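Student: Next comes protein-v8.pdb, PDB, C-alpha atoms and all ligand atoms:
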ATOM      1  CA  MET J   1      20.702   0.487   5.209
ATOM      2  CA  ALA J   2      18.060  -0.516   7.721
ATOM      3  CA  ILE J   3      15.490  -3.263   7.278
ATOM      4  CA  GLN J   4      12.097  -1.535   7.032
ATOM      5  CA  ARG J   5       8.445  -2.385   6.590
ATOM      6  CA  THR J   6       6.016  -0.557   4.320
ATOM      7  CA  LEU J   7       2.324  -0.905   3.540
ATOM      8  CA  THR J   8       0.898  -1.473   0.103
ATOM      9  CA  LEU J   9      -2.701  -1.718  -1.049
ATOM     10  CA  ILE J  10      -3.441  -3.378  -4.343
ATOM     11  CA  LYS J  11      -6.468  -1.248  -5.174
ATOM     12  CA  PRO J  12      -9.972  -2.062  -6.495
ATOM     13  CA  ASP J  13      -9.065  -1.319 -10.143
ATOM     14  CA  ALA J  14      -6.221  -3.867 -10.103
ATOM     15  CA  TYR J  15      -8.323  -6.379  -8.158
ATOM     16  CA  LYS J  16     -11.192  -6.066 -10.659
ATOM     17  CA  ALA J  17      -8.844  -6.418 -13.628
ATOM     18  CA  GLY J  18      -7.327  -9.630 -12.207
ATOM     19  CA  ASN J  19      -3.870  -8.162 -11.642
ATOM     20  CA  ILE J  20      -3.256  -9.291  -8.049
ATOM     21  CA  GLY J  21      -0.978 -12.102  -9.233
ATOM     22  CA  ASN J  22       1.012  -9.944 -11.672
ATOM     23  CA  ILE J  23       1.580  -7.216  -9.104
ATOM     24  CA  THR J  24       2.545  -9.508  -6.226
ATOM     25  CA  ALA J  25       4.971 -11.254  -8.618
ATOM     26  CA  MET J  26       6.634  -7.893  -9.385
ATOM     27  CA  ILE J  27       6.816  -7.157  -5.664
ATOM     28  CA  GLU J  28       8.507 -10.475  -4.877
ATOM     29  CA  GLU J  29      10.809 -10.333  -7.919
ATOM     30  CA  ASN J  30      12.058  -6.985  -6.600
ATOM     31  CA  GLY J  31      13.175  -8.466  -3.286
ATOM     32  CA  PHE J  32      10.247  -7.574  -1.004
ATOM     33  CA  LYS J  33       9.099 -10.204   1.483
ATOM     34  CA  ILE J  34       5.345 -10.284   2.053
ATOM     35  CA  VAL J  35       5.002 -10.622   5.848
ATOM     36  CA  HIS J  36       1.248  -9.962   6.262
ATOM     37  CA  ALA J  37      -1.665  -9.910   3.806
ATOM     38  CA  LEU J  38      -5.387  -9.200   4.071
ATOM     39  CA  LEU J  39      -8.011  -9.076   1.311
ATOM     40  CA  PHE J  40     -10.905  -6.881   2.425
ATOM     41  CA  LYS J  41     -13.286  -4.110   1.435
ATOM     42  CA  PHE J  42     -12.983  -0.661   3.026
ATOM     43  CA  THR J  43     -16.099   0.921   4.487
ATOM     44  CA  GLU J  44     -16.563   4.612   3.773
ATOM     45  CA  LYS J  45     -15.644   5.378   7.380
ATOM     46  CA  SER J  46     -12.430   3.344   7.320
ATOM     47  CA  ALA J  47     -11.411   4.710   3.868
ATOM     48  CA  LYS J  48     -11.897   8.227   5.210
ATOM     49  CA  GLN J  49      -9.705   7.457   8.177
ATOM     50  CA  PHE J  50      -7.016   5.739   6.092
ATOM     51  CA  TYR J  51      -6.786   8.689   3.684
ATOM     52  CA  SER J  52      -7.489  11.409   6.294
ATOM     53  CA  GLU J  53      -4.452  13.492   5.234
ATOM     54  CA  HIS J  54      -6.186  14.109   1.873
ATOM     55  CA  GLU J  55      -9.491  15.294   3.381
ATOM     56  CA  GLY J  56     -10.512  18.642   1.863
ATOM     57  CA  LYS J  57      -8.607  18.088  -1.409
ATOM     58  CA  PRO J  58     -10.694  18.305  -4.597
ATOM     59  CA  PHE J  59     -10.181  14.625  -5.422
ATOM     60  CA  PHE J  60     -11.086  13.334  -1.919
ATOM     61  CA  ASP J  61     -14.714  12.295  -2.600
ATOM     62  CA  GLY J  62     -13.735  10.515  -5.831
ATOM     63  CA  LEU J  63     -10.872   8.792  -4.012
ATOM     64  CA  LEU J  64     -13.275   7.510  -1.326
ATOM     65  CA  GLN J  65     -15.790   6.268  -3.899
ATOM     66  CA  PHE J  66     -13.040   4.439  -5.753
ATOM     67  CA  THR J  67     -11.508   2.988  -2.573
ATOM     68  CA  VAL J  68     -14.785   1.377  -1.431
ATOM     69  CA  SER J  69     -15.762   0.176  -4.918
ATOM     70  CA  ASP J  70     -14.298  -3.327  -4.488
ATOM     71  CA  LYS J  71     -11.807  -5.320  -2.447
ATOM     72  CA  VAL J  72      -8.204  -4.302  -1.814
ATOM     73  CA  LEU J  73      -5.265  -6.532  -0.949
ATOM     74  CA  ALA J  74      -3.313  -4.919   1.896
ATOM     75  CA  MET J  75       0.202  -6.260   2.417
ATOM     76  CA  VAL J  76       3.065  -5.478   4.760
ATOM     77  CA  LEU J  77       6.332  -5.666   2.818
ATOM     78  CA  GLU J  78       9.775  -6.029   4.345
ATOM     79  CA  LYS J  79      13.236  -5.390   2.916
ATOM     80  CA  GLU J  80      16.167  -3.004   3.323
ATOM     81  CA  ASN J  81      15.026   0.554   2.548
ATOM     82  CA  ALA J  82      11.503  -0.779   1.840
ATOM     83  CA  VAL J  83       9.654   2.560   1.947
ATOM     84  CA  ALA J  84      11.707   4.393  -0.703
ATOM     85  CA  ASP J  85      12.363   1.280  -2.790
ATOM     86  CA  PHE J  86       8.660   0.474  -3.001
ATOM     87  CA  ARG J  87       7.852   4.031  -4.072
ATOM     88  CA  LYS J  88      10.372   3.600  -6.876
ATOM     89  CA  LEU J  89       8.793   0.310  -7.930
ATOM     90  CA  MET J  90       5.286   1.887  -7.909
ATOM     91  CA  GLY J  91       6.208   4.920 -10.025
ATOM     92  CA  ALA J  92       4.605   8.370  -9.997
ATOM     93  CA  THR J  93       1.093   8.791  -8.522
ATOM     94  CA  ASP J  94      -0.388   9.591 -11.941
ATOM     95  CA  PRO J  95      -0.103   6.475 -14.145
ATOM     96  CA  ALA J  96       0.312   8.736 -17.196
ATOM     97  CA  LYS J  97       3.514  10.104 -15.637
ATOM     98  CA  ALA J  98       4.801   6.876 -14.097
ATOM     99  CA  GLU J  99       8.182   5.691 -15.365
ATOM    100  CA  PRO J 100       7.995   2.753 -17.845
ATOM    101  CA  GLY J 101       8.245  -0.624 -16.150
ATOM    102  CA  THR J 102       6.781   0.576 -12.846
ATOM    103  CA  ILE J 103       3.635  -0.986 -11.364
ATOM    104  CA  ARG J 104       1.525   2.105 -11.982
ATOM    105  CA  ALA J 105       2.734   2.460 -15.576
ATOM    106  CA  LYS J 106       1.872  -1.179 -16.265
ATOM    107  CA  TYR J 107      -1.360  -1.583 -14.325
ATOM    108  CA  GLY J 108      -2.714   1.893 -13.476
ATOM    109  CA  THR J 109      -5.132   3.639 -15.818
ATOM    110  CA  ALA J 110      -6.081   7.198 -14.847
ATOM    111  CA  LEU J 111      -6.286   8.874 -11.431
ATOM    112  CA  PRO J 112      -7.480   7.821  -8.941
ATOM    113  CA  LYS J 113      -7.123   4.361 -10.542
ATOM    114  CA  ASN J 114      -3.401   3.914 -10.042
ATOM    115  CA  ALA J 115      -3.409   0.190  -9.074
ATOM    116  CA  VAL J 116      -1.373   0.475  -5.859
ATOM    117  CA  HIS J 117      -0.770   2.547  -2.769
ATOM    118  CA  GLY J 118       2.548   2.655  -0.913
ATOM    119  CA  SER J 119       3.431   4.482   2.311
ATOM    120  CA  ASP J 120       5.166   7.803   1.597
ATOM    121  CA  LYS J 121       7.546   7.771   4.587
ATOM    122  CA  GLU J 122       8.570   5.579   7.521
ATOM    123  CA  SER J 123       6.180   7.258   9.992
ATOM    124  CA  SER J 124       3.249   6.813   7.562
ATOM    125  CA  ALA J 125       4.191   3.150   7.109
ATOM    126  CA  LYS J 126       4.027   2.594  10.866
ATOM    127  CA  LYS J 127       0.683   4.400  11.102
ATOM    128  CA  GLU J 128      -0.869   2.630   8.100
ATOM    129  CA  ILE J 129       0.378  -0.848   9.074
ATOM    130  CA  THR J 130      -0.876  -0.311  12.626
ATOM    131  CA  TYR J 131      -4.281   0.804  11.313
ATOM    132  CA  ILE J 132      -4.819  -2.356   9.287
ATOM    133  CA  PHE J 133      -2.711  -5.040  10.990
ATOM    134  CA  GLY J 134      -1.934  -3.790  14.526
ATOM    135  CA  GLU J 135       1.249  -2.258  15.907
ATOM    136  CA  PHE J 136       3.190  -5.545  16.198
ATOM    137  CA  ALA J 137       3.063  -5.950  12.417
ATOM    138  CA  SER J 138       4.884  -2.652  11.919
ATOM    139  CA  ILE J 139       8.095  -3.790  13.645
ATOM    140  CA  PRO J 140      10.785  -5.246  11.319
ATOM    141  CA  SER J 141      11.566  -8.898  12.113
ATOM    142  CA  ASN J 142      15.188  -8.113  13.072
ATOM    143  CA  GLU J 143      13.932  -5.716  15.787
ATOM    144  CA  LYS J 144      11.459  -8.102  17.371
ATOM    145  CA  ASN J 145      12.871  -9.327  20.669
ATOM    146  CA  HIS J 146      10.938 -12.503  21.144
ATOM    147  CA  ALA J 147      10.247 -15.666  19.237
ATOM    148  CA  LYS J 148       7.019 -14.719  17.412
ATOM    149  CA  GLU J 149       8.496 -14.108  13.985
ATOM    150  CA  TYR J 150       6.062 -11.863  12.207
TER     151      TYR J 150
HETATM  152  P1  LIG G   1      -2.288   6.987  -3.194
HETATM  153  O1  LIG G   1      -0.818   6.844  -3.310
HETATM  154  O2  LIG G   1      -3.041   5.835  -2.624
HETATM  155  O3  LIG G   1      -2.590   8.294  -2.304
HETATM  156  C1  LIG G   1      -3.746   9.070  -2.447
HETATM  157  C2  LIG G   1      -4.537   8.704  -3.656
HETATM  158  O4  LIG G   1      -5.404   9.720  -4.137
HETATM  159  C3  LIG G   1      -3.607   8.447  -4.839
HETATM  160  O5  LIG G   1      -2.872   7.285  -4.638
HETATM  161  C4  LIG G   1      -4.602   8.448  -5.981
HETATM  162  O6  LIG G   1      -5.355   7.239  -6.057
HETATM  163  C5  LIG G   1      -5.524   9.582  -5.545
HETATM  164  N1  LIG G   1      -5.148  10.878  -6.168
HETATM  165  C6  LIG G   1      -4.038  11.613  -5.905
HETATM  166  N2  LIG G   1      -4.023  12.738  -6.645
HETATM  167  C7  LIG G   1      -5.170  12.723  -7.373
HETATM  168  C8  LIG G   1      -5.746  13.597  -8.325
HETATM  169  N3  LIG G   1      -5.138  14.735  -8.671
HETATM  170  N4  LIG G   1      -6.924  13.251  -8.881
HETATM  171  C9  LIG G   1      -7.553  12.106  -8.531
HETATM  172  N5  LIG G   1      -7.055  11.229  -7.625
HETATM  173  C10 LIG G   1      -5.879  11.525  -7.057
END
Would you put the structure from the file into structure tokens?
Ligand code: CMP

Tutor:
Amino acid sequence: MAIQRTLTLIKPDAYKAGNIGNITAMIEENGFKIVHALLFKFTEKSAKQFYSEHEGKPFFDGLLQFTVSDKVLAMVLEKENAVADFRKLMGATDPAKAEPGTIRAKYGTALPKNAVHGSDKESSAKKEITYIFGEFASIPSNEKNHAKEY
């Protein structure tokens, strides 16, 4: 299986509740390497752009309000099969339906407050990582062809 990168956001609900440490511990215990991290607050414009595929859905306005309500921790995670494996570790979108032991089951509350975001496929990971960290950050370390590691 190929080494991949994926993007996660630890969302405002988890930040507010003081769960950054617990969630990053779960991420590392499950074999993901954190290769980039940035703690920041979305503006309404940037949240709209990040979640543009959901524009027009009934929950979009609430999702934007929630996303800008406090800081998020964005991280680029690397491991074999990172995109699918991280989705498994997160659990279902709705915390009430997330499998026991997953991040959303443990730290999410009720939609849209589901503690974490994870890219849904490899092309989304590339797009989302590029949006926050620049294109270089989206390339797995084993595919980089010069000395700058990350
Ligand atoms: P995320 O994986 O970041 O992708 C889009 C987000 O929209 C999702 O997590 C939730 O926070 C939110 N969301 C998705 N579906 C709903 C819904 N039915 N009601 C409210 N919020 C939702």

Student: Any chance you could resolve the PyMOL selection byres (((not hetatm)) within 7 of (chain G and resi 1)) against this file and give the residues as a PyMOL selection string?

Tutor: chain J and resi 51+59+62-63+93+111-114+116-118

Student: Contacts between stretch 130-135 of chain J and stretch 52-109 of chain J, please, where a residue of stretch 52-109 of chain J counts if it comes within 10 Å (with only C-alpha atoms); show its shortest atom pair and distance in Å to one decimal, rows by chain and ascending number, as JSON lines.

Tutor:
{"residue": "J:Ala74", "atom": "CA", "partner": "J:Ile132", "partner_atom": "CA", "distance": 8.0}
{"residue": "J:Met75", "atom": "CA", "partner": "J:Phe133", "partner_atom": "CA", "distance": 9.1}
{"residue": "J:Val76", "atom": "CA", "partner": "J:Phe133", "partner_atom": "CA", "distance": 8.5}

Student: Write out the residues from the selection above, keeping C-alpha atoms, as a compact mmCIF listing (two decimals), keeping the file's coordinate frame.

Tutor:
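File selection01.txt, as written:
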# COMPACT_ATOMS: atom_id res chain seq x y z
CA ALA J 74 -3.31 -4.92 1.90
CA MET J 75 0.20 -6.26 2.42
CA VAL J 76 3.06 -5.48 4.76

Student: With 6 Å added on each side, what axis-aligned box encloses every listed atom of stretch 99-107 of chain J? Give the centre and edge lengths in Å to one decimal, as JSON.

Tutor:
{"center_x": 3.4, "center_y": 2.1, "center_z": -14.6, "size_x": 21.6, "size_y": 19.3, "size_z": 18.5}

Student: Can you tell me, as JSON, numbers by chain, what residues are no more than 8 Å from stretch 20-27 of chain J when counting all atoms listed in the file, ignoring any on the same chain fewer than 3 positions away?

Tutor: {"J": [10, 14, 15, 30, 31, 32, 73, 103]}

Student: I need the residue set behind the PyMOL selection byres (((chain J and resi 80) around 8) and not hetatm) for this file; please write it as a PyMOL selection string.

Tutor: chain J and resi 1-4+78-79+81-82

Student: Using the chain letters and numbering of this document, enumerate as a list in words the residues selected by the PyMOL selection byres (((chain J and resi 39) around 6) and not hetatm).

Tutor: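 Here the PyMOL selection byres (((chain J and resi 39) around 6) and not hetatm) matches Leu38, Phe40, Val72 and Leu73 of chain J.
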
Student: Could you jot down the atom CA of J:Ala98 to atom CA of J:Lys11 separation for me, Å, one decimal place?

Tutor: 16.5 Å

Student: Considering all atoms listed in the file, return as number ranges by chain whatever protein or nucleic-acid residues lie within 9 Å of J:Ala105, sequence-local ones (same chain, fewer than 2 positions apart) excluded.

Tutor: J: 90-92, 94-103, 107-109, 114

Student: What is the distance, in Å and to one decimal place, between atom CA of J:Phe60 and atom CA of J:Glu44?

Tutor: 11.8 Å

Student: Out of J:Ser119, J:Glu29, J:Lys16, J:Ser52, which residue has the shortest atom-to-atom distance to J:Asp70 when counting only C-alpha atoms?

Tutor: J:Lys16

Student: Work out how far atom CA of J:Lys33 is from atom CA of J:His54, in Å to one decimal.

Tutor: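 Calculated distance between atom CA of J:His54 and atom CA of J:Lys33 is 28.7 Å.
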
Student: Of the candidates J:Ala115, J:Ala110, J:Ala37, J:Leu89, which one gets nearest to J:Leu7 if we count all atoms listed in the file?

Tutor: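 Of J:Ala115, J:Ala110, J:Ala37, J:Leu89, the one nearest J:Leu7, counting all atoms listed in the file, is J:Ala37.
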
Student: I need the residue nearest J:Arg5 from this list: J:Glu122, J:Glu28, J:Glu53, J:Asp61. Use only C-alpha atoms for the distance.

Tutor: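 So, comparing all the options, the nearest one is J:Glu122.
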
Student: Using only C-alpha atoms, find the one residue out of J:Lys127, J:Lys71, J:Arg87, J:Lys144 that sits nearest to J:Asp13.

Tutor: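 For J:Asp13, the nearest of the given residues is J:Lys71.
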